[in-house]
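For reference, final.csv is printed below; it contains CSV, C-alpha atoms.
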```csv
chain,number,residue,atom,x,y,z
A,233,MET,CA,12.8,-18.2,4.3
A,234,ILE,CA,9.1,-17.1,4.5
A,235,ALA,CA,6.6,-19.9,4.5
A,236,ALA,CA,4.7,-20.4,1.2
A,237,PRO,CA,1.2,-19.4,2.5
A,238,VAL,CA,2.6,-16.1,3.8
A,239,ALA,CA,4.6,-15.5,0.6
A,240,GLY,CA,1.3,-16.1,-1.3
A,241,LEU,CA,-0.5,-13.6,0.9
A,242,GLY,CA,2.2,-11.1,0.4
A,243,ALA,CA,2.1,-11.5,-3.4
A,244,LEU,CA,-1.7,-11.0,-3.2
A,245,LEU,CA,-1.3,-7.9,-1.1
A,246,LEU,CA,1.1,-6.3,-3.6
A,247,ALA,CA,-1.1,-7.2,-6.5
A,248,SER,CA,-4.2,-5.8,-4.8
A,249,GLY,CA,-2.3,-2.7,-3.8
A,250,ALA,CA,-1.0,-2.1,-7.3
A,251,THR,CA,-4.5,-2.7,-8.7
A,252,THR,CA,-5.8,-0.1,-6.3
A,253,ILE,CA,-3.4,2.5,-7.5
A,254,LEU,CA,-4.0,1.8,-11.2
A,255,VAL,CA,-7.8,1.9,-11.0
A,256,ASP,CA,-7.7,5.0,-8.8
A,257,TYR,CA,-5.9,6.9,-11.6
A,258,ALA,CA,-8.3,5.4,-14.1
A,259,GLY,CA,-11.2,6.8,-12.1
A,260,ARG,CA,-12.8,3.4,-11.4
A,261,ARG,CA,-13.9,4.2,-7.9
A,262,ARG,CA,-16.0,1.1,-7.4
A,263,VAL,CA,-13.0,-1.1,-7.9
A,264,VAL,CA,-11.0,1.1,-5.5
A,265,TYR,CA,-13.8,0.5,-2.9
A,266,VAL,CA,-13.1,-3.2,-3.1
A,267,CYS,CA,-9.4,-3.4,-3.6
A,268,LYS,CA,-8.2,-0.9,-1.0
A,269,PRO,CA,-9.9,-2.5,2.0
A,270,LEU,CA,-9.0,-5.9,0.5
A,271,THR,CA,-5.3,-5.0,0.6
A,272,VAL,CA,-5.5,-4.2,4.3
A,273,ALA,CA,-7.5,-7.3,4.9
A,274,LEU,CA,-4.7,-9.3,3.3
A,275,ALA,CA,-2.3,-7.6,5.7
A,276,MET,CA,-4.5,-8.8,8.6
A,277,ALA,CA,-4.3,-12.3,7.2
A,278,ILE,CA,-0.5,-12.1,7.2
A,279,ALA,CA,-0.5,-10.9,10.8
A,280,ALA,CA,-2.9,-13.7,11.8
A,281,SER,CA,-0.7,-16.4,10.3
A,282,GLY,CA,1.5,-16.8,13.4
A,283,PRO,CA,1.7,-19.9,15.5
A,284,ALA,CA,-1.6,-21.7,16.4
A,285,GLY,CA,-3.2,-20.9,19.7
A,286,PRO,CA,-4.1,-17.6,21.4
A,287,PRO,CA,-2.5,-14.6,19.7
A,288,SER,CA,0.4,-12.9,21.5
A,289,PRO,CA,-0.3,-9.4,22.9
A,290,TYR,CA,1.9,-8.1,20.1
A,291,ARG,CA,0.0,-9.9,17.3
A,292,ALA,CA,-3.4,-9.0,18.9
A,293,LEU,CA,-2.5,-5.3,19.0
A,294,VAL,CA,-1.2,-5.3,15.4
A,295,LEU,CA,-4.4,-6.9,14.3
A,296,ALA,CA,-6.3,-4.3,16.1
A,297,GLY,CA,-4.2,-1.5,14.5
A,298,LEU,CA,-4.9,-3.1,11.0
A,299,ALA,CA,-8.6,-3.2,11.8
A,300,CYS,CA,-8.6,0.5,12.7
A,301,SER,CA,-6.7,1.2,9.5
A,302,LEU,CA,-9.3,-0.6,7.5
A,303,VAL,CA,-12.0,1.5,9.1
A,304,GLY,CA,-10.0,4.6,8.4
A,305,ASP,CA,-9.7,3.6,4.7
A,306,VAL,CA,-13.4,3.3,4.5
A,307,PHE,CA,-14.0,6.7,6.0
A,308,LEU,CA,-11.5,8.3,3.6
A,309,MET,CA,-13.1,6.6,0.6
A,310,LEU,CA,-16.6,7.9,1.3
A,311,PRO,CA,-18.0,10.5,-1.1
A,312,GLU,CA,-18.2,13.1,1.7
A,313,LYS,CA,-14.5,12.5,2.4
A,314,ARG,CA,-14.9,12.2,6.2
A,315,PHE,CA,-11.3,13.2,6.8
A,316,ALA,CA,-11.7,13.8,10.6
A,317,ALA,CA,-13.2,10.3,11.2
A,318,GLY,CA,-10.5,8.8,9.0
A,319,LEU,CA,-7.8,10.7,11.0
A,320,ALA,CA,-9.3,9.5,14.3
A,321,SER,CA,-9.3,5.9,13.0
A,322,PHE,CA,-5.7,6.0,12.0
A,323,LEU,CA,-4.8,7.7,15.3
A,324,ALA,CA,-6.3,4.7,17.0
A,325,ALA,CA,-4.3,2.4,14.7
A,326,HIS,CA,-1.1,4.1,15.7
A,327,ALA,CA,-2.0,3.8,19.3
A,328,CYS,CA,-2.3,0.1,18.9
A,329,TYR,CA,1.0,-0.1,17.0
A,330,ILE,CA,2.8,2.0,19.7
A,331,ALA,CA,1.4,-0.3,22.5
A,332,ALA,CA,2.4,-3.4,20.5
A,333,VAL,CA,6.0,-2.2,20.0
A,334,ALA,CA,6.5,-0.8,23.4
A,335,GLY,CA,5.3,-4.0,25.0
A,336,ALA,CA,7.4,-6.2,22.7
A,337,SER,CA,10.7,-4.4,23.2
A,338,PRO,CA,12.8,-5.6,26.1
A,339,VAL,CA,14.9,-2.4,26.1
A,340,PRO,CA,13.8,1.2,26.4
A,341,ALA,CA,14.2,3.4,23.3
A,342,SER,CA,17.0,6.0,23.7
A,343,PRO,CA,16.5,9.8,24.0
A,344,ARG,CA,18.7,10.2,20.9
A,345,LEU,CA,16.2,8.2,18.8
A,346,LEU,CA,13.4,10.3,20.3
A,347,ALA,CA,15.2,13.5,19.1
A,348,ALA,CA,15.7,12.0,15.6
A,349,ALA,CA,12.0,11.0,15.4
A,350,ALA,CA,10.9,14.4,16.7
A,351,GLY,CA,13.0,16.0,14.0
A,352,ILE,CA,11.2,14.0,11.4
A,353,GLY,CA,7.9,15.0,12.9
A,354,ALA,CA,8.9,18.6,12.9
A,355,ALA,CA,10.0,18.4,9.2
A,356,VAL,CA,6.5,17.1,8.4
A,357,ALA,CA,4.4,19.5,10.5
A,358,VAL,CA,6.2,22.8,10.3
A,359,PRO,CA,5.7,23.4,6.5
A,360,LEU,CA,2.1,22.4,6.8
A,361,TRP,CA,1.2,24.5,9.9
A,362,PRO,CA,0.1,27.7,8.1
A,363,HIS,CA,-2.2,25.7,5.9
A,364,LEU,CA,-4.0,23.4,8.4
A,365,GLY,CA,-6.7,25.8,9.6
A,366,ARG,CA,-9.2,24.0,11.9
A,367,TYR,CA,-7.2,20.8,11.5
A,368,ARG,CA,-4.1,22.1,13.4
A,369,LEU,CA,-4.9,20.4,16.7
A,370,PRO,CA,-5.8,16.9,15.3
A,371,VAL,CA,-2.9,16.9,12.9
A,372,ALA,CA,-0.5,17.9,15.7
A,373,VAL,CA,-1.8,15.0,17.8
A,374,TYR,CA,-1.4,12.7,14.9
A,375,VAL,CA,2.2,13.8,14.3
A,376,VAL,CA,3.0,13.1,18.0
A,377,ALA,CA,1.6,9.6,17.5
A,378,LEU,CA,3.8,9.2,14.4
A,379,VAL,CA,6.9,10.4,16.3
A,380,ALA,CA,6.1,8.0,19.2
A,381,LEU,CA,5.8,5.0,16.8
A,382,LEU,CA,9.0,5.9,15.0
A,383,TRP,CA,10.8,6.3,18.4
A,384,GLN,CA,9.5,3.0,19.9
A,385,SER,CA,10.0,0.9,16.8
A,386,THR,CA,13.5,2.1,15.9
A,387,GLY,CA,14.4,1.7,19.6
A,388,TRP,CA,13.2,-1.9,19.4
A,389,ALA,CA,15.1,-2.5,16.2
A,390,VAL,CA,18.4,-0.9,17.4
A,391,GLY,CA,18.1,-2.4,20.8
A,392,THR,CA,17.6,-6.0,19.7
A,393,GLY,CA,18.3,-6.3,16.0
A,394,ALA,CA,15.5,-8.8,15.7
A,395,PRO,CA,14.1,-9.3,12.2
A,396,GLY,CA,10.5,-8.6,13.3
A,397,ALA,CA,11.7,-5.4,15.0
A,398,ARG,CA,13.4,-4.2,11.9
A,399,LEU,CA,10.3,-4.9,9.8
A,400,ALA,CA,8.2,-2.9,12.3
A,401,ALA,CA,10.6,0.0,12.2
A,402,LEU,CA,10.7,0.1,8.4
A,403,GLY,CA,7.0,-0.1,8.3
A,404,ALA,CA,6.7,2.8,10.7
A,405,LEU,CA,9.1,4.9,8.6
A,406,LEU,CA,7.1,4.2,5.4
A,407,PHE,CA,3.8,4.9,7.2
A,408,THR,CA,5.3,8.3,8.2
A,409,ALA,CA,6.3,9.0,4.6
A,410,SER,CA,2.9,8.1,3.3
A,411,ASP,CA,1.1,10.3,5.8
A,412,ALA,CA,3.6,13.2,5.1
A,413,VAL,CA,2.8,13.1,1.4
A,414,LEU,CA,-0.9,12.8,2.0
A,415,ALA,CA,-0.9,15.8,4.3
A,416,HIS,CA,1.3,17.8,1.8
A,417,ASN,CA,-1.0,16.9,-1.0
A,418,ARG,CA,-4.2,17.8,0.9
A,419,PHE,CA,-3.2,20.9,2.7
A,420,ARG,CA,-0.3,22.5,0.9
A,421,ARG,CA,0.4,21.6,-2.8
A,422,PRO,CA,-1.5,18.8,-4.6
A,423,PHE,CA,0.5,16.9,-7.3
A,424,ARG,CA,-0.6,14.2,-9.7
A,425,ALA,CA,1.8,11.5,-8.5
A,426,ALA,CA,0.8,11.9,-4.9
A,427,GLN,CA,-1.7,9.1,-4.8
A,428,ALA,CA,0.7,6.6,-6.2
A,429,VAL,CA,3.3,7.6,-3.5
A,430,ILE,CA,0.7,7.7,-0.7
A,431,LEU,CA,-0.8,4.3,-1.5
A,432,SER,CA,2.4,2.4,-2.4
A,433,THR,CA,4.2,3.4,0.8
A,434,TYR,CA,1.0,2.8,2.9
A,435,PHE,CA,0.4,-0.7,1.6
A,436,VAL,CA,4.0,-1.7,2.0
A,437,ALA,CA,4.1,-0.2,5.5
A,438,GLN,CA,1.0,-2.2,6.6
A,439,GLY,CA,2.4,-5.3,5.0
A,440,LEU,CA,5.7,-5.0,6.9
A,441,ILE,CA,4.0,-4.3,10.2
A,442,ALA,CA,1.8,-7.3,9.6
A,443,LEU,CA,4.8,-9.5,8.7
A,444,SER,CA,6.5,-8.5,11.9
A,445,ALA,CA,3.6,-10.1,13.8
A,446,GLY,CA,2.7,-13.1,11.7
A,447,PRO,CA,5.2,-15.7,10.6
A,448,SER,CA,6.8,-17.9,13.2
A,449,LEU,CA,10.2,-17.3,11.7
A,450,PHE,CA,10.1,-14.0,13.7
A,451,PRO,CA,9.8,-15.3,17.2
A,452,ALA,CA,11.2,-12.0,18.7
A,453,ALA,CA,8.1,-10.2,17.5
A,454,THR,CA,5.6,-12.7,18.8
A,455,ALA,CA,7.1,-14.0,22.0
A,456,ARG,CA,5.9,-11.3,24.2
```

Just give me the structure as structure tokens.
Amino acid sequence: MIAAPVAGLGALLLASGATTILVDYAGRRRVVYVCKPLTVALAMAIAASGPAGPPSPYRALVLAGLACSLVGDVFLMLPEKRFAAGLASFLAAHACYIAAVAGASPVPASPRLLAAAAGIGAAVAVPLWPHLGRYRLPVAVYVVALVALLWQSTGWAVGTGAPGARLAALGALLFTASDAVLAHNRFRRPFRAAQAVILSTYFVAQGLIALSAGPSLFPAATAR
């Protein structure tokens, strides 16, 4: 059972995320500028809600990844659409998450899981490749980071079965889905429902990753 303060933060995260999506479609950009960073800030509060005392390396790295994500959100919301800076910020976030998961898992991720994660990465990257132009290299690096996070997080979940590990793996999968739709919408074929899919999967992914680090009912995620 999730503690009441964490459940409250989770409800606020979902409400803030849903508001972001609704006002984005309504064209109320000023409200988006408040609600989108607020949603990630609430995820940070969830991640910080672990046991008292110095944060574990896992929790500290997840908090760093969420902070990088918040910066990336700000870059992507700017009028000039600073996509490259946003991409770099989210790449840093993924590096933090990869380091967190790799350090927390007591067992190495299997090559078969790497092959599966690489297959997902290829399914995302190959259709986009002809449309990427000058973004080919940064997007390729970013996809490699997504593959690494999927591989490490699913390896942790399969190897231990710990609740926190499963949350992290599901969060990584949803993050990949969000980024795949974002890239498809930006570089290949825009569609009206894209923003709802991108933001809903993104907010839930960040919430799950934060939850894997925060509450004390997931000791496997915070012990290392």

Contacts of His416 (chain A) within 9 Å, only C-alpha atoms, excl. fewer than 6 positions in-chain, as a ChimeraX atom specification: /A:356,359-360,422,426

Selected residue of minimal separation from Leu302 (chain A) among A:Ala273, A:Val263, A:Val379, A:Ala317, counting all atoms listed in the file: A:Ala273

Could you give me, as a short mmCIF file (atom, residue, chain, number, x, y, z; two decimals) with C-alpha atoms, in the frame of the given file, the residues within 12 Å of Val266 (chain A), counting only C-alpha atoms and dropping anything in the same chain fewer than 3 positions from it?
```cif
data_model
loop_
_atom_site.label_atom_id
_atom_site.label_comp_id
_atom_site.auth_asym_id
_atom_site.auth_seq_id
_atom_site.Cartn_x
_atom_site.Cartn_y
_atom_site.Cartn_z
CA SER A 248 -4.20 -5.80 -4.80
CA GLY A 249 -2.30 -2.70 -3.80
CA THR A 251 -4.50 -2.70 -8.70
CA THR A 252 -5.80 -0.10 -6.30
CA VAL A 255 -7.80 1.90 -11.00
CA ASP A 256 -7.70 5.00 -8.80
CA ARG A 260 -12.80 3.40 -11.40
CA ARG A 261 -13.90 4.20 -7.90
CA ARG A 262 -16.00 1.10 -7.40
CA VAL A 263 -13.00 -1.10 -7.90
CA PRO A 269 -9.90 -2.50 2.00
CA LEU A 270 -9.00 -5.90 0.50
CA THR A 271 -5.30 -5.00 0.60
CA VAL A 272 -5.50 -4.20 4.30
CA ALA A 273 -7.50 -7.30 4.90
CA LEU A 302 -9.30 -0.60 7.50
CA ASP A 305 -9.70 3.60 4.70
CA VAL A 306 -13.40 3.30 4.50
CA MET A 309 -13.10 6.60 0.60
#
```

Surrounding residues of Pro237 (chain A) excluding itself and chain neighbours under 3 positions, 9 Å, only C-alpha atoms, as number ranges by chain: A: 234, 240-242, 278, 281

Contacts of region 433-443 of chain A at 7 Å (all atoms listed in the file; same-chain gap of 3+ positions) as a ChimeraX atom specification: /A:249,275-276,278-279,294,399-400,403-404,406-407,410,429-430,446-447

For C-alpha atoms, I'd like the residues from the last selection saved as a PDB file, in the frame of the given file.
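Result file is result.pdb:
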```pdb
ATOM      1  CA  GLY A 249      -2.300  -2.700  -3.800  1.00  0.00           C
ATOM      2  CA  ALA A 275      -2.300  -7.600   5.700  1.00  0.00           C
ATOM      3  CA  MET A 276      -4.500  -8.800   8.600  1.00  0.00           C
ATOM      4  CA  ILE A 278      -0.500 -12.100   7.200  1.00  0.00           C
ATOM      5  CA  ALA A 279      -0.500 -10.900  10.800  1.00  0.00           C
ATOM      6  CA  VAL A 294      -1.200  -5.300  15.400  1.00  0.00           C
ATOM      7  CA  LEU A 399      10.300  -4.900   9.800  1.00  0.00           C
ATOM      8  CA  ALA A 400       8.200  -2.900  12.300  1.00  0.00           C
ATOM      9  CA  GLY A 403       7.000  -0.100   8.300  1.00  0.00           C
ATOM     10  CA  ALA A 404       6.700   2.800  10.700  1.00  0.00           C
ATOM     11  CA  LEU A 406       7.100   4.200   5.400  1.00  0.00           C
ATOM     12  CA  PHE A 407       3.800   4.900   7.200  1.00  0.00           C
ATOM     13  CA  SER A 410       2.900   8.100   3.300  1.00  0.00           C
ATOM     14  CA  VAL A 429       3.300   7.600  -3.500  1.00  0.00           C
ATOM     15  CA  ILE A 430       0.700   7.700  -0.700  1.00  0.00           C
ATOM     16  CA  GLY A 446       2.700 -13.100  11.700  1.00  0.00           C
ATOM     17  CA  PRO A 447       5.200 -15.700  10.600  1.00  0.00           C
TER      18      PRO A 447
END
```

Could you add whatever atoms are missing so that region 332-349 of chain A carries N, CA and C atoms, then write the result as an mmCIF file, in the coordinates of the input?
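out_21.cif written:
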```cif
data_model
loop_
_atom_site.group_PDB
_atom_site.id
_atom_site.type_symbol
_atom_site.label_atom_id
_atom_site.label_comp_id
_atom_site.auth_asym_id
_atom_site.auth_seq_id
_atom_site.Cartn_x
_atom_site.Cartn_y
_atom_site.Cartn_z
ATOM 1 N N ALA A 332 1.860 -2.089 20.920
ATOM 2 C CA ALA A 332 2.400 -3.400 20.500
ATOM 3 C C ALA A 332 3.960 -3.342 20.612
ATOM 4 N N VAL A 333 4.548 -2.322 20.009
ATOM 5 C CA VAL A 333 6.000 -2.200 20.000
ATOM 6 C C VAL A 333 6.594 -1.981 21.342
ATOM 7 N N ALA A 334 5.981 -1.066 22.095
ATOM 8 C CA ALA A 334 6.500 -0.800 23.400
ATOM 9 C C ALA A 334 6.435 -1.996 24.333
ATOM 10 N N GLY A 335 5.399 -2.809 24.174
ATOM 11 C CA GLY A 335 5.300 -4.000 25.000
ATOM 12 C C GLY A 335 6.218 -5.121 24.547
ATOM 13 N N ALA A 336 6.584 -5.144 23.252
ATOM 14 C CA ALA A 336 7.400 -6.200 22.700
ATOM 15 C C ALA A 336 8.909 -5.973 22.983
ATOM 16 N N SER A 337 9.321 -4.702 23.028
ATOM 17 C CA SER A 337 10.700 -4.400 23.200
ATOM 18 C C SER A 337 11.229 -4.620 24.587
ATOM 19 N N PRO A 338 12.304 -5.394 24.756
ATOM 20 C CA PRO A 338 12.800 -5.600 26.100
ATOM 21 C C PRO A 338 13.747 -4.505 26.586
ATOM 22 N N VAL A 339 14.033 -3.540 25.714
ATOM 23 C CA VAL A 339 14.900 -2.400 26.100
ATOM 24 C C VAL A 339 14.227 -1.118 25.821
ATOM 25 N N PRO A 340 14.458 -0.099 26.650
ATOM 26 C CA PRO A 340 13.800 1.200 26.400
ATOM 27 C C PRO A 340 14.474 1.914 25.218
ATOM 28 N N ALA A 341 13.667 2.646 24.467
ATOM 29 C CA ALA A 341 14.200 3.400 23.300
ATOM 30 C C ALA A 341 14.972 4.614 23.869
ATOM 31 N N SER A 342 16.066 4.948 23.204
ATOM 32 C CA SER A 342 17.000 6.000 23.700
ATOM 33 C C SER A 342 16.466 7.377 23.429
ATOM 34 N N PRO A 343 16.873 8.356 24.245
ATOM 35 C CA PRO A 343 16.500 9.800 24.000
ATOM 36 C C PRO A 343 17.014 10.272 22.656
ATOM 37 N N ARG A 344 18.155 9.766 22.205
ATOM 38 C CA ARG A 344 18.700 10.200 20.900
ATOM 39 C C ARG A 344 17.753 9.822 19.769
ATOM 40 N N LEU A 345 17.186 8.627 19.864
ATOM 41 C CA LEU A 345 16.200 8.200 18.800
ATOM 42 C C LEU A 345 14.950 9.037 18.920
ATOM 43 N N LEU A 346 14.566 9.427 20.134
ATOM 44 C CA LEU A 346 13.400 10.300 20.300
ATOM 45 C C LEU A 346 13.670 11.640 19.592
ATOM 46 N N ALA A 347 14.867 12.183 19.778
ATOM 47 C CA ALA A 347 15.200 13.500 19.100
ATOM 48 C C ALA A 347 15.172 13.327 17.621
ATOM 49 N N ALA A 348 15.681 12.201 17.096
ATOM 50 C CA ALA A 348 15.700 12.000 15.600
ATOM 51 C C ALA A 348 14.225 11.882 15.131
ATOM 52 N N ALA A 349 13.387 11.123 15.861
ATOM 53 C CA ALA A 349 12.000 11.000 15.400
ATOM 54 C C ALA A 349 11.255 12.304 15.526
#
```
